[in-house]
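Structure data follow from final09.pdb (PDB, C-alpha atoms):
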```pdb
ATOM      1  CA  MET A   1      10.276 -13.140 -14.814
ATOM      2  CA  ARG A   2       6.585 -13.690 -15.502
ATOM      3  CA  ARG A   3       5.661 -11.250 -12.724
ATOM      4  CA  ILE A   4       7.961  -8.581 -14.165
ATOM      5  CA  ARG A   5       6.333  -9.051 -17.571
ATOM      6  CA  ILE A   6       2.853  -8.623 -16.039
ATOM      7  CA  VAL A   7       3.939  -5.452 -14.210
ATOM      8  CA  LEU A   8       5.472  -4.043 -17.422
ATOM      9  CA  ILE A   9       2.274  -4.753 -19.381
ATOM     10  CA  ALA A  10       0.206  -3.082 -16.640
ATOM     11  CA  LEU A  11       2.492  -0.023 -16.736
ATOM     12  CA  LEU A  12       2.228   0.154 -20.520
ATOM     13  CA  ALA A  13      -1.557  -0.031 -20.245
ATOM     14  CA  LEU A  14      -1.471   2.796 -17.715
ATOM     15  CA  LEU A  15       0.696   4.858 -20.060
ATOM     16  CA  ALA A  16      -1.485   4.147 -23.068
ATOM     17  CA  ALA A  17      -4.811   4.900 -21.413
ATOM     18  CA  PRO A  18      -4.372   8.685 -21.029
ATOM     19  CA  SER A  19      -3.144   8.893 -24.643
ATOM     20  CA  ALA A  20      -6.283   7.129 -25.841
ATOM     21  CA  ALA A  21      -8.397   9.499 -23.796
ATOM     22  CA  ARG A  22      -6.476  12.417 -25.300
ATOM     23  CA  ALA A  23      -7.266  11.189 -28.804
ATOM     24  CA  GLN A  24     -10.904  10.875 -27.759
ATOM     25  CA  ALA A  25     -10.876  14.438 -26.390
ATOM     26  CA  ASP A  26      -9.163  15.816 -29.519
ATOM     27  CA  THR A  27     -11.850  14.443 -31.824
ATOM     28  CA  GLY A  28     -14.414  16.284 -29.729
ATOM     29  CA  ALA A  29     -16.946  13.570 -30.514
ATOM     30  CA  ALA A  30     -17.292  12.367 -27.004
ATOM     31  CA  THR A  31     -17.127  15.580 -25.038
ATOM     32  CA  THR A  32     -19.954  15.853 -22.592
ATOM     33  CA  THR A  33     -22.782  18.307 -22.922
ATOM     34  CA  TYR A  34     -22.902  18.522 -19.170
ATOM     35  CA  GLN A  35     -21.294  21.723 -17.934
ATOM     36  CA  PRO A  36     -20.788  21.649 -14.177
ATOM     37  CA  ALA A  37     -20.384  24.902 -12.338
ATOM     38  CA  PRO A  38     -16.743  25.766 -11.667
ATOM     39  CA  ALA A  39     -15.613  24.945  -8.163
ATOM     40  CA  GLY A  40     -15.465  28.578  -7.139
ATOM     41  CA  ALA A  41     -18.968  29.357  -8.374
ATOM     42  CA  ALA A  42     -20.468  26.381  -6.566
ATOM     43  CA  SER A  43     -18.935  27.407  -3.291
ATOM     44  CA  GLY A  44     -19.723  31.095  -3.567
ATOM     45  CA  LEU A  45     -16.077  31.994  -4.154
ATOM     46  CA  PRO A  46     -15.136  34.118  -7.192
ATOM     47  CA  ALA A  47     -15.139  31.994 -10.333
ATOM     48  CA  ARG A  48     -11.832  31.407 -12.104
ATOM     49  CA  GLU A  49     -11.114  30.917 -15.735
ATOM     50  CA  ALA A  50     -10.599  27.347 -16.876
ATOM     51  CA  PRO A  51      -6.937  26.376 -16.604
ATOM     52  CA  PRO A  52      -5.002  26.043 -19.875
ATOM     53  CA  ARG A  53      -4.759  22.488 -21.171
ATOM     54  CA  SER A  54      -1.273  21.095 -21.356
ATOM     55  CA  LEU A  55       0.599  17.829 -21.397
ATOM     56  CA  ARG A  56       1.042  18.303 -17.656
ATOM     57  CA  ALA A  57      -2.578  17.271 -17.041
ATOM     58  CA  TYR A  58      -1.870  13.895 -18.662
ATOM     59  CA  TRP A  59       1.096  13.390 -16.366
ATOM     60  CA  HIS A  60      -1.055  14.197 -13.348
ATOM     61  CA  VAL A  61      -3.634  11.605 -14.436
ATOM     62  CA  PHE A  62      -0.910   9.021 -15.033
ATOM     63  CA  ILE A  63       0.767   9.659 -11.669
ATOM     64  CA  ALA A  64      -2.576   9.609  -9.807
ATOM     65  CA  PHE A  65      -3.564   6.234 -11.276
ATOM     66  CA  ALA A  66      -0.059   4.793 -10.949
ATOM     67  CA  ILE A  67       0.086   5.717  -7.241
ATOM     68  CA  ALA A  68      -3.434   4.441  -6.517
ATOM     69  CA  TRP A  69      -2.929   1.136  -8.331
ATOM     70  CA  GLY A  70       0.640   0.818  -7.068
ATOM     71  CA  LEU A  71      -0.445   1.245  -3.441
ATOM     72  CA  LEU A  72      -3.216  -1.339  -3.768
ATOM     73  CA  PHE A  73      -1.040  -3.806  -5.719
ATOM     74  CA  GLY A  74       1.776  -3.366  -3.185
ATOM     75  CA  TYR A  75      -0.639  -4.054  -0.337
ATOM     76  CA  VAL A  76      -1.872  -7.261  -2.020
ATOM     77  CA  VAL A  77       1.736  -8.475  -2.434
ATOM     78  CA  LEU A  78       2.513  -7.561   1.190
ATOM     79  CA  ILE A  79      -0.480  -9.501   2.535
ATOM     80  CA  ALA A  80       0.302 -12.551   0.360
ATOM     81  CA  ARG A  81       3.935 -12.625   1.537
ATOM     82  CA  ARG A  82       2.967 -12.133   5.169
ATOM     83  CA  SER A  83       0.342 -14.871   4.956
ATOM     84  CA  ARG A  84       2.863 -17.351   3.492
ATOM     85  CA  ARG A  85       5.438 -16.505   6.178
ATOM     86  CA  LEU A  86       2.893 -16.913   9.003
ATOM     87  CA  GLU A  87       1.722 -20.251   7.656
ATOM     88  CA  GLU A  88       5.303 -21.488   7.586
ATOM     89  CA  GLN A  89       5.758 -20.345  11.203
ATOM     90  CA  LEU A  90       2.502 -22.033  12.204
ATOM     91  CA  ASP A  91       3.617 -25.275  10.544
ATOM     92  CA  GLY A  92       6.893 -25.033  12.456
ATOM     93  CA  LEU A  93       5.032 -24.587  15.745
ATOM     94  CA  SER A  94       2.616 -27.430  14.998
ATOM     95  CA  ARG A  95       5.429 -29.943  14.443
ATOM     96  CA  PRO A  96       6.269 -31.947  17.592
TER      97      PRO A  96
ATOM     98  CA  MET B  11      -0.087 -26.812  19.677
ATOM     99  CA  ASN B  12      -3.812 -27.632  19.751
ATOM    100  CA  VAL B  13      -5.687 -25.618  17.150
ATOM    101  CA  PRO B  14      -9.450 -26.045  17.110
ATOM    102  CA  VAL B  15     -10.508 -27.691  13.835
ATOM    103  CA  ASP B  16     -13.527 -25.333  13.563
ATOM    104  CA  GLU B  17     -11.245 -22.281  13.601
ATOM    105  CA  ASN B  18      -9.037 -23.700  10.835
ATOM    106  CA  ALA B  19     -12.097 -24.469   8.714
ATOM    107  CA  SER B  20     -13.480 -20.987   9.396
ATOM    108  CA  LEU B  21     -10.226 -19.318   8.284
ATOM    109  CA  ALA B  22     -10.097 -21.491   5.150
ATOM    110  CA  GLY B  23     -13.673 -20.397   4.355
ATOM    111  CA  THR B  24     -12.753 -16.743   4.902
ATOM    112  CA  ARG B  25      -9.774 -17.155   2.560
ATOM    113  CA  ARG B  26     -12.003 -18.703  -0.125
ATOM    114  CA  TRP B  27     -14.378 -15.728   0.139
ATOM    115  CA  SER B  28     -11.435 -13.354  -0.117
ATOM    116  CA  VAL B  29     -10.173 -15.028  -3.306
ATOM    117  CA  GLY B  30     -13.673 -15.088  -4.817
ATOM    118  CA  LEU B  31     -14.275 -11.414  -4.079
ATOM    119  CA  GLY B  32     -10.787 -10.584  -5.335
ATOM    120  CA  PHE B  33     -11.546 -12.283  -8.636
ATOM    121  CA  LEU B  34     -14.788 -10.296  -8.990
ATOM    122  CA  ALA B  35     -12.929  -7.110  -8.008
ATOM    123  CA  ALA B  36     -10.271  -7.733 -10.691
ATOM    124  CA  ILE B  37     -12.968  -8.050 -13.370
ATOM    125  CA  ALA B  38     -14.742  -4.919 -12.106
ATOM    126  CA  LEU B  39     -11.443  -2.976 -11.929
ATOM    127  CA  VAL B  40     -10.564  -3.802 -15.542
ATOM    128  CA  TRP B  41     -14.105  -2.875 -16.605
ATOM    129  CA  GLY B  42     -13.938   0.353 -14.583
ATOM    130  CA  PHE B  43     -10.517   1.227 -15.998
ATOM    131  CA  TRP B  44     -11.815   0.763 -19.542
ATOM    132  CA  MET B  45     -14.827   2.980 -18.743
ATOM    133  CA  ILE B  46     -12.647   5.747 -17.280
ATOM    134  CA  PHE B  47     -10.479   6.096 -20.380
ATOM    135  CA  PHE B  48     -12.647   4.864 -23.247
ATOM    136  CA  TYR B  49     -16.288   5.361 -22.227
ATOM    137  CA  ALA B  50     -16.651   8.398 -19.950
ATOM    138  CA  PRO B  51     -16.722  11.713 -21.826
ATOM    139  CA  THR B  52     -14.054  14.344 -21.261
ATOM    140  CA  GLU B  53     -15.316  17.090 -19.008
ATOM    141  CA  ARG B  54     -15.243  20.491 -20.773
ATOM    142  CA  GLU B  55     -13.951  22.752 -18.000
ATOM    143  CA  MET B  56     -11.182  20.619 -16.543
ATOM    144  CA  GLY B  57     -10.327  18.318 -19.429
ATOM    145  CA  ILE B  58      -8.671  14.947 -18.887
ATOM    146  CA  VAL B  59      -7.586  15.666 -15.315
ATOM    147  CA  GLN B  60     -11.235  15.320 -14.245
ATOM    148  CA  ARG B  61     -10.825  11.543 -14.811
ATOM    149  CA  ILE B  62      -8.978  11.420 -11.472
ATOM    150  CA  PHE B  63     -12.508  11.847 -10.044
ATOM    151  CA  TYR B  64     -13.204   8.144 -10.791
ATOM    152  CA  VAL B  65     -10.484   6.962  -8.420
ATOM    153  CA  HIS B  66     -10.590   9.899  -5.949
ATOM    154  CA  VAL B  67     -14.303   9.755  -5.050
ATOM    155  CA  PRO B  68     -14.687   5.927  -4.801
ATOM    156  CA  SER B  69     -11.523   5.780  -2.648
ATOM    157  CA  ALA B  70     -13.007   8.408  -0.330
ATOM    158  CA  LEU B  71     -16.274   6.470  -0.022
ATOM    159  CA  VAL B  72     -14.419   3.201   0.651
ATOM    160  CA  ALA B  73     -12.334   4.972   3.308
ATOM    161  CA  TYR B  74     -15.596   6.168   4.953
ATOM    162  CA  LEU B  75     -16.842   2.556   4.848
ATOM    163  CA  ALA B  76     -13.610   1.244   6.379
ATOM    164  CA  PHE B  77     -13.605   3.756   9.224
ATOM    165  CA  GLY B  78     -17.323   3.142   9.780
ATOM    166  CA  ILE B  79     -16.528  -0.573  10.218
ATOM    167  CA  VAL B  80     -13.719   0.355  12.628
ATOM    168  CA  ALA B  81     -16.160   2.395  14.730
ATOM    169  CA  LEU B  82     -18.847  -0.312  14.790
ATOM    170  CA  CYS B  83     -16.428  -3.139  15.585
ATOM    171  CA  SER B  84     -14.664  -1.028  18.209
ATOM    172  CA  LEU B  85     -18.015  -0.395  19.866
ATOM    173  CA  GLY B  86     -18.724  -4.136  19.747
ATOM    174  CA  TYR B  87     -15.281  -4.902  21.167
ATOM    175  CA  LEU B  88     -15.732  -2.524  24.112
ATOM    176  CA  TRP B  89     -19.081  -4.135  24.844
ATOM    177  CA  LEU B  90     -18.398  -7.840  24.226
ATOM    178  CA  ARG B  91     -14.571  -8.016  24.516
ATOM    179  CA  ASP B  92     -14.538 -10.322  21.485
ATOM    180  CA  GLU B  93     -11.035 -10.564  20.003
ATOM    181  CA  ARG B  94     -12.441 -11.119  16.503
ATOM    182  CA  LEU B  95     -14.077  -7.682  16.561
ATOM    183  CA  ASP B  96     -10.755  -6.104  17.542
ATOM    184  CA  ALA B  97      -9.049  -8.001  14.700
ATOM    185  CA  ILE B  98     -11.621  -6.714  12.174
ATOM    186  CA  SER B  99     -11.140  -3.151  13.515
ATOM    187  CA  VAL B 100      -7.374  -3.305  12.998
ATOM    188  CA  CYS B 101      -7.715  -4.684   9.458
ATOM    189  CA  ALA B 102     -10.384  -2.146   8.459
ATOM    190  CA  ALA B 103      -8.346   0.730   9.943
ATOM    191  CA  GLU B 104      -5.261  -0.328   7.955
ATOM    192  CA  LEU B 105      -7.257  -0.450   4.716
ATOM    193  CA  GLY B 106      -8.994   2.822   5.566
ATOM    194  CA  VAL B 107      -5.606   4.533   5.935
ATOM    195  CA  ILE B 108      -4.528   3.156   2.530
ATOM    196  CA  PHE B 109      -7.677   4.392   0.779
ATOM    197  CA  ALA B 110      -7.491   7.751   2.598
ATOM    198  CA  THR B 111      -3.862   8.040   1.419
ATOM    199  CA  ILE B 112      -5.057   7.512  -2.169
ATOM    200  CA  VAL B 113      -7.603  10.313  -1.626
ATOM    201  CA  LEU B 114      -4.953  12.642  -0.193
ATOM    202  CA  VAL B 115      -2.506  11.912  -3.040
ATOM    203  CA  THR B 116      -4.920  12.037  -5.983
ATOM    204  CA  GLY B 117      -6.692  15.169  -4.685
ATOM    205  CA  PRO B 118      -3.665  17.498  -4.955
ATOM    206  CA  LEU B 119      -2.765  16.032  -8.382
ATOM    207  CA  TRP B 120      -6.265  16.982  -9.571
ATOM    208  CA  GLY B 121      -6.334  20.276  -7.657
ATOM    209  CA  LYS B 122      -3.047  21.540  -9.098
ATOM    210  CA  ILE B 123      -4.546  21.495 -12.610
ATOM    211  CA  ALA B 124      -8.144  22.378 -11.716
ATOM    212  CA  TRP B 125      -7.534  25.024  -9.032
ATOM    213  CA  GLY B 126      -3.905  25.954  -9.683
ATOM    214  CA  ALA B 127      -2.806  24.863  -6.193
ATOM    215  CA  TRP B 128      -1.545  21.573  -4.769
ATOM    216  CA  TRP B 129      -3.279  22.055  -1.454
ATOM    217  CA  VAL B 130      -6.086  24.314  -0.273
ATOM    218  CA  TRP B 131      -6.887  24.458   3.437
ATOM    219  CA  ASP B 132     -10.625  24.281   2.903
ATOM    220  CA  ALA B 133     -12.946  22.395   5.245
ATOM    221  CA  ARG B 134     -13.093  19.145   3.275
ATOM    222  CA  THR B 135      -9.353  18.719   2.695
ATOM    223  CA  SER B 136      -8.571  19.720   6.288
ATOM    224  CA  PHE B 137     -11.093  17.283   7.800
ATOM    225  CA  THR B 138      -9.848  14.501   5.496
ATOM    226  CA  LEU B 139      -6.256  15.093   6.574
ATOM    227  CA  LEU B 140      -7.449  15.080  10.192
ATOM    228  CA  LEU B 141      -9.186  11.716   9.593
ATOM    229  CA  TRP B 142      -5.949  10.273   8.194
ATOM    230  CA  PHE B 143      -3.992  11.461  11.248
ATOM    231  CA  ILE B 144      -6.632  10.070  13.643
ATOM    232  CA  TYR B 145      -6.373   6.568  12.170
ATOM    233  CA  VAL B 146      -2.589   6.661  11.924
ATOM    234  CA  GLY B 147      -2.779   7.632  15.604
ATOM    235  CA  TYR B 148      -5.000   4.563  16.142
ATOM    236  CA  PHE B 149      -2.007   2.320  15.349
ATOM    237  CA  VAL B 150       0.420   4.416  17.374
ATOM    238  CA  LEU B 151      -1.938   4.239  20.376
ATOM    239  CA  ARG B 152      -2.211   0.435  20.168
ATOM    240  CA  GLN B 153       1.564   0.152  20.494
ATOM    241  CA  ALA B 154       1.973   2.941  23.038
ATOM    242  CA  THR B 155       0.847   1.052  26.151
ATOM    243  CA  GLU B 156       2.732  -1.773  27.855
ATOM    244  CA  ASP B 157      -0.468  -3.701  28.477
ATOM    245  CA  PRO B 158      -1.810  -4.814  25.048
ATOM    246  CA  GLU B 159      -5.383  -5.094  26.351
ATOM    247  CA  ARG B 160      -5.261  -1.469  27.469
ATOM    248  CA  GLY B 161      -3.885  -0.431  24.085
ATOM    249  CA  LYS B 162      -6.785  -2.203  22.360
ATOM    250  CA  ARG B 163      -9.324  -0.408  24.570
ATOM    251  CA  PHE B 164      -7.742   3.024  24.005
ATOM    252  CA  ALA B 165      -7.556   2.413  20.250
ATOM    253  CA  ALA B 166     -11.201   1.281  20.208
ATOM    254  CA  VAL B 167     -12.250   4.567  21.839
ATOM    255  CA  LEU B 168     -10.209   6.529  19.275
ATOM    256  CA  GLY B 169     -11.731   4.413  16.474
ATOM    257  CA  ILE B 170     -15.215   5.436  17.613
ATOM    258  CA  VAL B 171     -14.377   9.103  18.189
ATOM    259  CA  GLY B 172     -12.541   9.351  14.855
ATOM    260  CA  ALA B 173     -15.628   8.289  12.930
ATOM    261  CA  VAL B 174     -17.339  11.536  14.006
ATOM    262  CA  ASP B 175     -15.117  13.203  11.398
ATOM    263  CA  ILE B 176     -16.816  11.282   8.530
ATOM    264  CA  PRO B 177     -20.136  13.209   8.526
ATOM    265  CA  LEU B 178     -18.116  16.419   8.988
ATOM    266  CA  ILE B 179     -16.147  15.666   5.796
ATOM    267  CA  HIS B 180     -19.257  14.687   3.881
ATOM    268  CA  MET B 181     -21.332  17.702   4.931
ATOM    269  CA  SER B 182     -18.471  20.229   4.865
ATOM    270  CA  VAL B 183     -19.350  21.388   1.321
ATOM    271  CA  GLN B 184     -22.865  22.245   2.539
ATOM    272  CA  TRP B 185     -21.907  23.780   5.862
ATOM    273  CA  PHE B 186     -18.790  25.758   4.940
ATOM    274  CA  ARG B 187     -17.472  27.890   2.077
ATOM    275  CA  THR B 188     -15.130  25.409   0.439
ATOM    276  CA  GLN B 189     -13.125  25.094  -2.744
ATOM    277  CA  HIS B 190     -14.669  21.651  -3.305
ATOM    278  CA  PRO B 191     -17.800  21.790  -5.473
ATOM    279  CA  LYS B 192     -21.173  20.688  -4.151
ATOM    280  CA  PRO B 193     -22.086  17.054  -4.998
ATOM    281  CA  VAL B 194     -23.094  16.344  -8.610
ATOM    282  CA  VAL B 195     -23.912  12.646  -8.127
ATOM    283  CA  LEU B 196     -24.809  11.846  -4.525
ATOM    284  CA  LYS B 197     -27.635  14.291  -3.882
ATOM    285  CA  PRO B 198     -31.314  13.889  -2.987
ATOM    286  CA  GLU B 199     -32.729  15.157  -6.309
ATOM    287  CA  GLY B 200     -30.570  12.746  -8.313
ATOM    288  CA  PRO B 201     -27.307  13.149 -10.227
ATOM    289  CA  THR B 202     -26.791  16.115 -12.573
ATOM    290  CA  ALA B 203     -23.640  14.728 -14.185
ATOM    291  CA  ALA B 204     -23.746  13.069 -17.631
ATOM    292  CA  PRO B 205     -25.137   9.488 -17.424
ATOM    293  CA  GLU B 206     -21.859   8.015 -18.773
ATOM    294  CA  MET B 207     -19.980   9.767 -15.959
ATOM    295  CA  VAL B 208     -22.393   8.439 -13.326
ATOM    296  CA  GLN B 209     -22.168   4.893 -14.733
ATOM    297  CA  THR B 210     -18.358   5.048 -14.753
ATOM    298  CA  LEU B 211     -18.343   6.292 -11.170
ATOM    299  CA  LEU B 212     -20.714   3.535 -10.028
ATOM    300  CA  VAL B 213     -18.688   0.766 -11.701
ATOM    301  CA  ASN B 214     -15.489   2.058 -10.099
ATOM    302  CA  MET B 215     -17.234   2.345  -6.732
ATOM    303  CA  LEU B 216     -18.348  -1.275  -7.058
ATOM    304  CA  ALA B 217     -14.841  -2.375  -8.069
ATOM    305  CA  LEU B 218     -13.124  -0.656  -5.148
ATOM    306  CA  THR B 219     -15.784  -1.855  -2.679
ATOM    307  CA  LEU B 220     -15.297  -5.469  -3.827
ATOM    308  CA  LEU B 221     -11.535  -5.018  -3.602
ATOM    309  CA  PHE B 222     -11.899  -3.558  -0.125
ATOM    310  CA  PHE B 223     -13.894  -6.544   1.170
ATOM    311  CA  SER B 224     -11.530  -9.000  -0.516
ATOM    312  CA  LEU B 225      -8.509  -7.333   1.102
ATOM    313  CA  LEU B 226     -10.317  -7.024   4.440
ATOM    314  CA  LEU B 227     -10.943 -10.779   4.552
ATOM    315  CA  ALA B 228      -7.375 -11.596   3.436
ATOM    316  CA  ARG B 229      -5.950  -9.233   6.053
ATOM    317  CA  TYR B 230      -8.277 -10.721   8.701
ATOM    318  CA  VAL B 231      -6.891 -14.214   8.023
ATOM    319  CA  VAL B 232      -3.341 -12.836   8.406
ATOM    320  CA  GLU B 233      -4.282 -11.080  11.660
ATOM    321  CA  ARG B 234      -5.851 -14.233  13.119
ATOM    322  CA  LEU B 235      -2.833 -16.343  12.140
ATOM    323  CA  SER B 236      -0.493 -13.768  13.668
ATOM    324  CA  ARG B 237      -2.421 -13.722  16.947
ATOM    325  CA  ARG B 238      -2.533 -17.519  17.022
ATOM    326  CA  ILE B 239       1.255 -17.695  16.649
ATOM    327  CA  ASP B 240       1.736 -15.075  19.384
ATOM    328  CA  ALA B 241      -0.561 -17.053  21.706
ATOM    329  CA  ALA B 242       1.321 -20.286  20.962
ATOM    330  CA  ARG B 243       4.665 -18.606  21.746
ATOM    331  CA  VAL B 244       3.352 -17.224  25.030
ATOM    332  CA  ALA B 245       1.965 -20.653  25.936
ATOM    333  CA  ALA B 246       5.326 -22.277  25.116
ATOM    334  CA  GLN B 247       7.146 -19.771  27.361
ATOM    335  CA  LEU B 248       4.740 -20.379  30.241
ATOM    336  CA  ARG B 249       4.935 -24.192  29.918
ATOM    337  CA  PRO B 250       7.191 -25.641  32.648
ATOM    338  CA  ALA B 251      10.393 -27.195  31.328
ATOM    339  CA  ALA B 252      10.205 -30.991  31.275
TER     340      ALA B 252
END
```
Turn the structure described in the file into structure tokens.
Amino acid sequence: MRRIRIVLIALLALLAAPSAARAQADTGAATTTYQPAPAGAASGLPAREAPPRSLRAYWHVFIAFAIAWGLLFGYVVLIARRSRRLEEQLDGLSRP
Amino acid sequence: MNVPVDENASLAGTRRWSVGLGFLAAIALVWGFWMIFFYAPTEREMGIVQRIFYVHVPSALVAYLAFGIVALCSLGYLWLRDERLDAISVCAAELGVIFATIVLVTGPLWGKIAWGAWWVWDARTSFTLLLWFIYVGYFVLRQATEDPERGKRFAAVLGIVGAVDIPLIHMSVQWFRTQHPKPVVLKPEGPTAAPEMVQTLLVNMLALTLLFFSLLLARYVVERLSRRIDAARVAAQLRPAA
């Protein structure tokens, strides 16, 4: 139960973070003065116009972070479970 | 089963290091996460989607590190035939594949908004996909031979050869016409990105590097335990029945 609560809080934090960043972007106070060259211009390819901003970008950020954190968290759980199982097996083998 | 006391103590020490590094990584990850969404400025051209950069680039660098360790340990294994080096290679390769998967998943999510396409067959994305396939092949090759020692040797050779792809990926934006932009942080004349962006990137690089070493040590303990159990089972099978 406690684990589920922790996972839910982490998911809520993940959901809330892009919204906070959106609020920060909307105020315009924190936008950077740095203007990197568009990808096309840097590579010598024809430059494209900046893509329109939509809610979709926020979903992409959320999914990217959720997958990255989910993969790493899943791997930690997998290693912990495997370690416990192996130790139990080793104990079983050590017993006369 | 007789287990050398030194080996048990060594594994317990490795586990302690893993937990310690994991604790530091957790602090750095929370700090990095806060910096990504509350400290780093929003990039003008791409908007919020550019924040994927802070997980995409550090994951790529950690994957390079992991596959570099695989190559070095594989070289050491072929030379010294030390089982510990083979164990480190396997663990680093597994983690490298995980971090490379993060790169290959987050890249298209960023690219779809920034470039208007999920996937572009430019040099960097193609070489990165190739790297992922090489190290997935590393695990397939280990299992493909009947003689495990042979499988380890073949995989070690692939682990070394596969690392040749790392400089190709890194230099591809200089050598080829690619959709990926040229570096804005890691370049000889210093970073041209906003200082807050560079700081956020560095903190997230530190966090993922600490996490990588913590997971590498934890996975190494699991690998050693697994091999010890396998050896004990083989020994029990070979022991004559009383």
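You can rank A:Val77, A:Leu90, A:Ser54, A:Ala66 by their closest distance to chain B using all atoms listed in the file, and at the top of that list sits A:Leu90.
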Neighbour residues at most 12 Å from (-14.3, 27.3, 6.2) (only C-alpha atoms) as number ranges by chain: A: 43-45; B: 130-137, 178-179, 181-190
Phe47 (chain B) proximity check over A:Arg84, A:Asp91, A:Arg56, A:Val61, using all atoms listed in the file: winner is A:Val61
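Interatomic distance, CA of Leu212 (chain B) against CA of Pro51 (chain B): 14.9 Å.
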Residues matched by the PyMOL selection byres ((chain B and resi 77-82) around 9), written as an MDAnalysis selection string: chainID B and resid 72:76 83:87 95:96 98:103 105:107 145 166:173 176
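Note that the spacing between CA of Ala127 (chain B) and CA of Leu114 (chain B) amounts to 13.8 Å.
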